[in-house]
Structure formats: structure tokens, C-alpha cells
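Asks: Have a look at this one before I ask anything.
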Amino acid sequence: MKQTKKEILKIKNLSAWYEQLQILYNINMHINKGEIVSIIGPNGAGKSTILKSIFGFIEKRTGSILFHNQEITSLKTHELVSKGIGYVPQGRIVFPGLTVLENLEMGAYTRTDKKEIKKDLQELQAFFPQLQKHLHTNAGLLSGGEQQIVSLARALMSKPKLLLMDEPTLGLSPQMKLMLFQKIKELRDKLQLTILIVEQNAKLALDMSDRAYVLEAGRNKLEGIGNKLLHDKRVQHLYLGGEF
Amino acid sequence: MSLIAQVLANAIIAGGIYAVIAIGYSLIYSVLKFINFAHGEIVMIGAFIGWTVAVHWHQHLFIATLAAMICCGLLGFLIEKIVYKPFRKKNKLYVLLTAIALSFLLQGIAIVLFGAKVRTFSTGNIIKGHEVFGAVITTTQFIIITVSLIFVFMILLFIKKTKTGKAIRAVAENQDTAAAVGINVDRIISIIFILSSMLAAVSGILIGYEQNINPTMGTMIGIKAFTAAVVGGIGSVPGAFLGGYLIGFAENFGILFVPAGYKDAISFVILLIMLYVKPTGILGKKTEEEVRV
Ligand SMILES: Nc1ncnc2c1ncn2[C@@H]1O[C@H](COP(=O)(O)OP(=O)(O)OP(=O)(O)O)[C@@H](O)[C@H]1O
Ligand SMILES: [Mg+2]
């Protein structure tokens, strides 16, 4: 998909803390409409913290975050959902005691267009066939991979324009990982989504995304076109022996 | 035979009242993971508002109930916003202490407003009961049974079927994830306090038709309904419903075997047994560590 080069998200000098502990240091990023951008970096680098900061989960924060050129830094999480940002948390977090259908319905919580919601439910089931047979099962009883799909489908039900995904492939088999990424690409084209994705597997991430940011110890380290970074000596060095 | 029928009738009456109050404890616990120890006092305030409107101002019972529900709903809303919310994110122990302090405060206010005098809803003349399977049940008692069942089922249905009900369950399971799908968690918490306090108001009036009311009545009734909620599985609304009736039955059938003076102790014995046998209560789930997103 050709990008229109329109910035949908811009992060300027973002720093973030847990209590007294600073995790992020002056992070700068931008995402253009229609892009799949990934954030990679070692464990504890602060990847999840960036997504949480965007999504209003971190209280102590400086810098600014713009969505469609509009300041969203001070908005609450639930307000961001109404603005068109969706979030798939790390660790396949579903509402375990709610059925799969109820999980998806909750995904559409901010919407009032009942007919459209019904239609979207049907479409998602066609897109993720594994949802269909478990619709009335409590989500907590599903397998890990299935829960990940529920979590993703739930986020899609809010009809986001920007989707933040935190390690959606964690714990999946290599084939499942590839399949999920292909699904994600399909979704991007189908729903005109823009996606910011955190991914442990650097090779997969760089392979599948348009651009990537490499994060180290809470700081911007590198950025660039996915494919180019893949062959960058520094990236290879950072990850050599690890995920490759 | 007629003795058993009578005890059964009394058990259903008491059970219904306990269930309505216990649901309030469980609803609030399910979301905030703390026991609202002032809940019994809301029951008491509800009873006094009902008494003031119905007996003192001679209004229809329906209006009195409505007034009590609205006032208690508002009271519950304000209590959460002003008293609990500032401490909610800090420390569970603060909230607990605040709740205990608050119940003394509410008792004090009631004593100042209504005096320590015992009041009653009943009009004085003995009402003749109807005979049902050998048990004598007054019209008032029929109303108590019906009203408590209606409220219990309405709330169960509300939680199970409506969008707000599902959101309540979602918030109970994971507040961050609930916010992540666009649920305004603070608003849901307010709704829960309003709902539970309205239920408390109803039960306060129902109690007023069975017993005298006084400013300290909330303590014992609160502890017993809390026991019912724990026995049923704290945090589970259907569990609170079961627990309420279980305590009602245990108390009323229990006094067939032990002296009536021990009636109040029966529920606590059940609590001890339950904590020993199944600490999570009848329908309670194992509490897991809160999952962070
Ligand atoms: N709730 C929290 N309280 C305190 N410190 C935290 C909290 N969450 C994360 N941290 C710390 O912040 C740092 C960055 O965490 P973050 O989750 O953003 O890393 P990450 O890059 O997503 O790592 P991973 O690849 O393991 O998911 C880590 O050192 C972590 O220990
Ligand atoms: Mg992470």
C-alpha cells in the first residue's frame, strides 16, 4: 500500500516514569497513515511503556503525543478509544469470565451503531474462523493463541484508526506467528488501519513492517525502513545469536 | 408440619432480605476488592428515610421506597466520590479504616436526626395472616418475599444481559483492560455504588416491616449479609443471592435445634465452616493476582 505520508501519530520528547524510576528518555517517533511500524529492542527496553504512555496508562510522563495533529497527552484511556485508538495488550489479556461474544461486544463499547456492530461481528468471525465455534465459551478457557485472536478482534471491534499491538505473537508457534502477521497486514489493507506493533522477534518484525524503531534502555537507538534495518550491521550485532 | 412450614416461610423472608443486602457487598467487592463496611448503615439510613416518608409524613409506601432509593443512591454515589475515591488508588487498609469510620459517622448522624429511640413501621393493630400450607403469612410478609425476589432477579438479569451489566463484569475482571475497550471505569464504579445503595434502601424498608428500626440496626444486619456474601463467594452476585438464602434458612431452621438466643451466632458458625471447607465460598473464584496490561 502506498502511503499518503500523512502523519497520524507523533511522539515528541516522551519521557516516562514508574514512581521514581525513569523508563523512557526523550523518545521521538512518528507514524504515517496506513503504515505498519514496529518497535523492537531487548527485554526491559521500554517498548511496552511507549504503548502504555500513548494509551494513557502511565501517570508520570512528559513530552507530547499528537494524534491527527491534535494533542492527546492528557486524555484518559477510555477517551482515546473514542478518538479511534485501539490497544492489544501484552500477554493475551481477555476478560476470562466473559464469553468470547461478550468480549467482542465489550470491544464495541464506545459504539452505538447496533446494526453495524452486528455486521462487524459477522465479518470478524469470517476473518478469524477460530472465533466462531467458541462464541459462547468463557474466553478464559480458550488456548493461548485463541485468546490472542480474541484480544485482537476485541480491539478491532472499536473500529480504531490506529492500532497499538504489544507482542501479539508472543508464545505462538513460528507458523502461527507468520500467519498472524499476514492477517495483520490483510487487516491493515482491508480496514485502512495504521499499526504500531511491538515485537520480540526482530527479524519477523523488520520483515513484515514498513518502518521500525530500535529501542535501547529507554532511548531511540535506530530507525528506518524495515528491510534496510534488517541488513544493518548494528541491528545484526544487537540481535546476533538471539532471534536470528 | 405447620411448624416446619412456618419456619420455612420465615427463612424465605429473612433470606430474601439478606440476599438483597449481600448483593450490594458482592457487587462493590467484585470491582473494588474491598468490603464496604458502611453498607449496613446505608440499609439503616434507607429504613429511616422510608419511615420518615411513610409513617411520619403519611405518604404511600411506594413513594417512601422510591424516596429512600433515590436518597440512598445519592448517598452511595457521594460516599464513593468523596470518601473512598481519594484512597482507592493508595492503600486497601486506608479504605477499610475509612469505611469503618464512615459507618460510625452515619450511625452518629442517624442518632442526632432520629434519636436513639426505636421506631416501627407497623400501624399497631395486629394484621391477620393468611394460611399457606400450615404457615401463617401476613400480606406484608408476602410483599417482602416478592419484592426481594423481584429485586434480586432484576439485578441478576441486569448484570447478565445489559451492556452496562457486562461492562460491570468487565471492570470487575480487569480495570485496565476495561478502560482499554473504552469503558469509563470511574463511571461504572459510581453506578455500582448507586445500585448497591438503592438495594440497601429497599432492604432497609423491608426490614422495617418485620422488625423495629434504630440507628444501630445496620451493624448486625450488615455483618450477617456480609457473611452471606462471603459464604456465597464474595464478588459473585449469584453467590450473594445463594448465600443470603442459605443464611436465612440456616438461622431459622437452626433455632429448631439450638436455643433461640444463639440465633445470631448461627451465621458465623456457617461462615467458619465455609472458610474451612471452601474459603472462596460457594460460587467464588480463586482470586488471582491482578494482571497488569
Ligand atoms: N508497573 C511497573 N512498575 C515498575 N516498573 C515497571 C513496571 N512495568 C515495567 N516496569 C519496568 O520498566 C522497564 C521497561 O518495561 P517495559 O515493559 O516497557 O519493557 P519491554 O521493552 O516491553 O520489555 P519486554 O520485551 O520484556 O516486554 C523494565 O525495567 C520494567 O522492569
Ligand atoms: Mg513489553
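Labels for the C-alpha cells follow display order: chains A, B, ..., residues from 1 in each chain, ligands from 1.
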Taking only C-alpha atoms into account and nothing else, which residues of chain A lie no more than 9 Å away from chain B? Please answer as a PyMOL selection string.

Replies: chain A and resi 52+55+57+76-82+86-91+93-98+102-103+105-110+154-155+157-158

Asks: For the residues in that selection, give me C-alpha atoms as a JSON list (two decimals), in the first residue's frame.

Replies:
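The resulting file, result33.json, is shown below:
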```json
[["chain", "number", "residue", "atom", "x", "y", "z"],
["A", 52, "LYS", "CA", 1.13, 2.43, 27.57],
["A", 55, "PHE", "CA", -2.69, 4.93, 25.71],
["A", 57, "PHE", "CA", -1.76, 4.15, 31.32],
["A", 76, "LYS", "CA", -7.91, 9.34, 29.62],
["A", 77, "THR", "CA", -7.68, 5.83, 28.22],
["A", 78, "HIS", "CA", -11.38, 5.45, 27.55],
["A", 79, "GLU", "CA", -11.45, 8.81, 25.75],
["A", 80, "LEU", "CA", -8.62, 7.66, 23.48],
["A", 81, "VAL", "CA", -10.72, 4.68, 22.43],
["A", 82, "SER", "CA", -13.49, 7.03, 21.36],
["A", 86, "GLY", "CA", -7.18, 0.61, 19.84],
["A", 87, "TYR", "CA", -4.85, -1.40, 22.04],
["A", 88, "VAL", "CA", -3.97, -5.07, 22.19],
["A", 89, "PRO", "CA", -2.13, -5.51, 25.49],
["A", 90, "GLN", "CA", 0.87, -7.73, 26.01],
["A", 91, "GLY", "CA", 0.03, -11.21, 27.26],
["A", 93, "ILE", "CA", -5.45, -10.31, 28.04],
["A", 94, "VAL", "CA", -9.09, -11.23, 27.66],
["A", 95, "PHE", "CA", -11.98, -10.88, 30.09],
["A", 96, "PRO", "CA", -11.75, -14.52, 31.18],
["A", 97, "GLY", "CA", -15.19, -14.77, 32.80],
["A", 98, "LEU", "CA", -16.98, -13.20, 29.84],
["A", 102, "GLU", "CA", -19.28, -10.72, 25.29],
["A", 103, "ASN", "CA", -15.59, -9.89, 24.96],
["A", 105, "GLU", "CA", -19.30, -6.81, 22.42],
["A", 106, "MET", "CA", -17.23, -5.00, 25.03],
["A", 107, "GLY", "CA", -14.81, -4.14, 22.26],
["A", 108, "ALA", "CA", -17.66, -2.20, 20.68],
["A", 109, "TYR", "CA", -18.49, -0.46, 23.96],
["A", 110, "THR", "CA", -17.98, 3.05, 22.62],
["A", 154, "ARG", "CA", -11.92, -7.14, 20.55],
["A", 155, "ALA", "CA", -9.66, -4.20, 19.78],
["A", 157, "MET", "CA", -14.49, -4.01, 17.29],
["A", 158, "SER", "CA", -13.96, -0.40, 18.35]]
```

Asks: Kindly provide, as a PyMOL selection string, all nucleotide and amino acid residues lying within 10 Å of ligand 1, counting only C-alpha atoms and all ligand atoms.

Replies: (chain A and resi 16-24+39-53+57-58+90-91+166-167+170+198-201+215-218) or (chain B and resi 292-293)

Asks: With a distance cut-off of 8 Å and only C-alpha atoms, select the neighbouring residues of range 64-67 of chain A, excluding the residue or stretch itself and same-chain residues fewer than 3 positions from it, and output the selection as a ChimeraX atom specification.

Replies: /A:8-14,54,70-73

Asks: Provide the CA of Arg187 in chain B to CA of Ile168 in chain B distance in Å, to one decimal place.

Replies: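 CA of Ile168 in chain B lies at a distance of 10.0 Å from CA of Arg187 in chain B.
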
Asks: Give me the residues within 7 Å of range 100-107 of chain B as a count of residues only, counting only C-alpha atoms and dropping any in the same chain fewer than 5 places off.

Replies: 5

Asks: Expressed in Å to a single decimal, how great is the separation between CA of Gly218 in chain B and CA of Met44 in chain B?

Replies: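 These two atoms are separated by 5.2 Å.
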
Asks: Can you tell me, as an NGL selection string, what residues are no more than 12 Å from Gln122 in chain A when counting only C-alpha atoms, ignoring any on the same chain fewer than 4 positions away?

Replies: :A and (101 or 104-105 or 115-118 or 126-129 or 131-132 or 135 or 153 or 157)

Asks: Would you write out those residues with N, CA, C and O atoms, as a JSON list (two decimals), in the first residue's frame?

Replies:
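As written to disk, part_3.json reads:
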```json
[["chain", "number", "residue", "atom", "x", "y", "z"],
["A", 101, "LEU", "N", -18.12, -13.91, 22.78],
["A", 101, "LEU", "CA", -19.03, -12.92, 22.20],
["A", 101, "LEU", "C", -19.10, -11.67, 23.06],
["A", 101, "LEU", "O", -19.05, -10.54, 22.56],
["A", 104, "LEU", "N", -16.15, -9.53, 22.63],
["A", 104, "LEU", "CA", -16.20, -8.75, 21.39],
["A", 104, "LEU", "C", -17.20, -7.59, 21.54],
["A", 104, "LEU", "O", -16.95, -6.48, 21.07],
["A", 105, "GLU", "N", -18.32, -7.87, 22.20],
["A", 105, "GLU", "CA", -19.30, -6.81, 22.42],
["A", 105, "GLU", "C", -18.70, -5.67, 23.24],
["A", 105, "GLU", "O", -18.94, -4.49, 22.98],
["A", 115, "LYS", "N", -26.58, -1.95, 14.24],
["A", 115, "LYS", "CA", -26.60, -2.75, 13.01],
["A", 115, "LYS", "C", -25.19, -3.00, 12.50],
["A", 115, "LYS", "O", -24.84, -4.11, 12.11],
["A", 116, "GLU", "N", -24.40, -1.92, 12.49],
["A", 116, "GLU", "CA", -23.02, -2.02, 12.03],
["A", 116, "GLU", "C", -22.21, -2.96, 12.93],
["A", 116, "GLU", "O", -21.38, -3.73, 12.44],
["A", 117, "ILE", "N", -22.47, -2.88, 14.22],
["A", 117, "ILE", "CA", -21.76, -3.75, 15.16],
["A", 117, "ILE", "C", -22.03, -5.21, 14.81],
["A", 117, "ILE", "O", -21.12, -6.04, 14.74],
["A", 118, "LYS", "N", -23.31, -5.52, 14.55],
["A", 118, "LYS", "CA", -23.69, -6.89, 14.17],
["A", 118, "LYS", "C", -22.91, -7.33, 12.93],
["A", 118, "LYS", "O", -22.37, -8.44, 12.87],
["A", 126, "ALA", "N", -15.82, -14.32, 10.17],
["A", 126, "ALA", "CA", -15.40, -14.88, 8.89],
["A", 126, "ALA", "C", -13.88, -14.76, 8.74],
["A", 126, "ALA", "O", -13.22, -15.64, 8.21],
["A", 127, "PHE", "N", -13.35, -13.66, 9.26],
["A", 127, "PHE", "CA", -11.91, -13.40, 9.13],
["A", 127, "PHE", "C", -11.09, -14.28, 10.07],
["A", 127, "PHE", "O", -10.01, -14.74, 9.74],
["A", 128, "PHE", "N", -11.62, -14.47, 11.27],
["A", 128, "PHE", "CA", -10.96, -15.36, 12.25],
["A", 128, "PHE", "C", -11.89, -16.53, 12.55],
["A", 128, "PHE", "O", -12.62, -16.51, 13.53],
["A", 129, "PRO", "N", -11.86, -17.56, 11.71],
["A", 129, "PRO", "CA", -12.81, -18.67, 11.87],
["A", 129, "PRO", "C", -12.75, -19.33, 13.25],
["A", 129, "PRO", "O", -13.73, -19.88, 13.72],
["A", 131, "LEU", "N", -12.84, -18.04, 16.01],
["A", 131, "LEU", "CA", -13.73, -17.40, 16.97],
["A", 131, "LEU", "C", -15.10, -18.08, 16.99],
["A", 131, "LEU", "O", -15.75, -18.19, 18.02],
["A", 132, "GLN", "N", -15.51, -18.51, 15.81],
["A", 132, "GLN", "CA", -16.89, -18.93, 15.62],
["A", 132, "GLN", "C", -17.35, -20.03, 16.56],
["A", 132, "GLN", "O", -18.38, -19.92, 17.19],
["A", 135, "LEU", "N", -17.83, -19.00, 20.41],
["A", 135, "LEU", "CA", -18.53, -17.74, 20.69],
["A", 135, "LEU", "C", -19.14, -17.67, 22.09],
["A", 135, "LEU", "O", -19.11, -16.63, 22.75],
["A", 153, "ALA", "N", -9.32, -9.23, 18.04],
["A", 153, "ALA", "CA", -10.65, -8.98, 17.48],
["A", 153, "ALA", "C", -11.42, -7.98, 18.33],
["A", 153, "ALA", "O", -12.14, -7.11, 17.82],
["A", 157, "MET", "N", -13.07, -4.33, 17.18],
["A", 157, "MET", "CA", -14.49, -4.01, 17.29],
["A", 157, "MET", "C", -14.74, -2.53, 17.58],
["A", 157, "MET", "O", -15.84, -2.03, 17.35]]
```
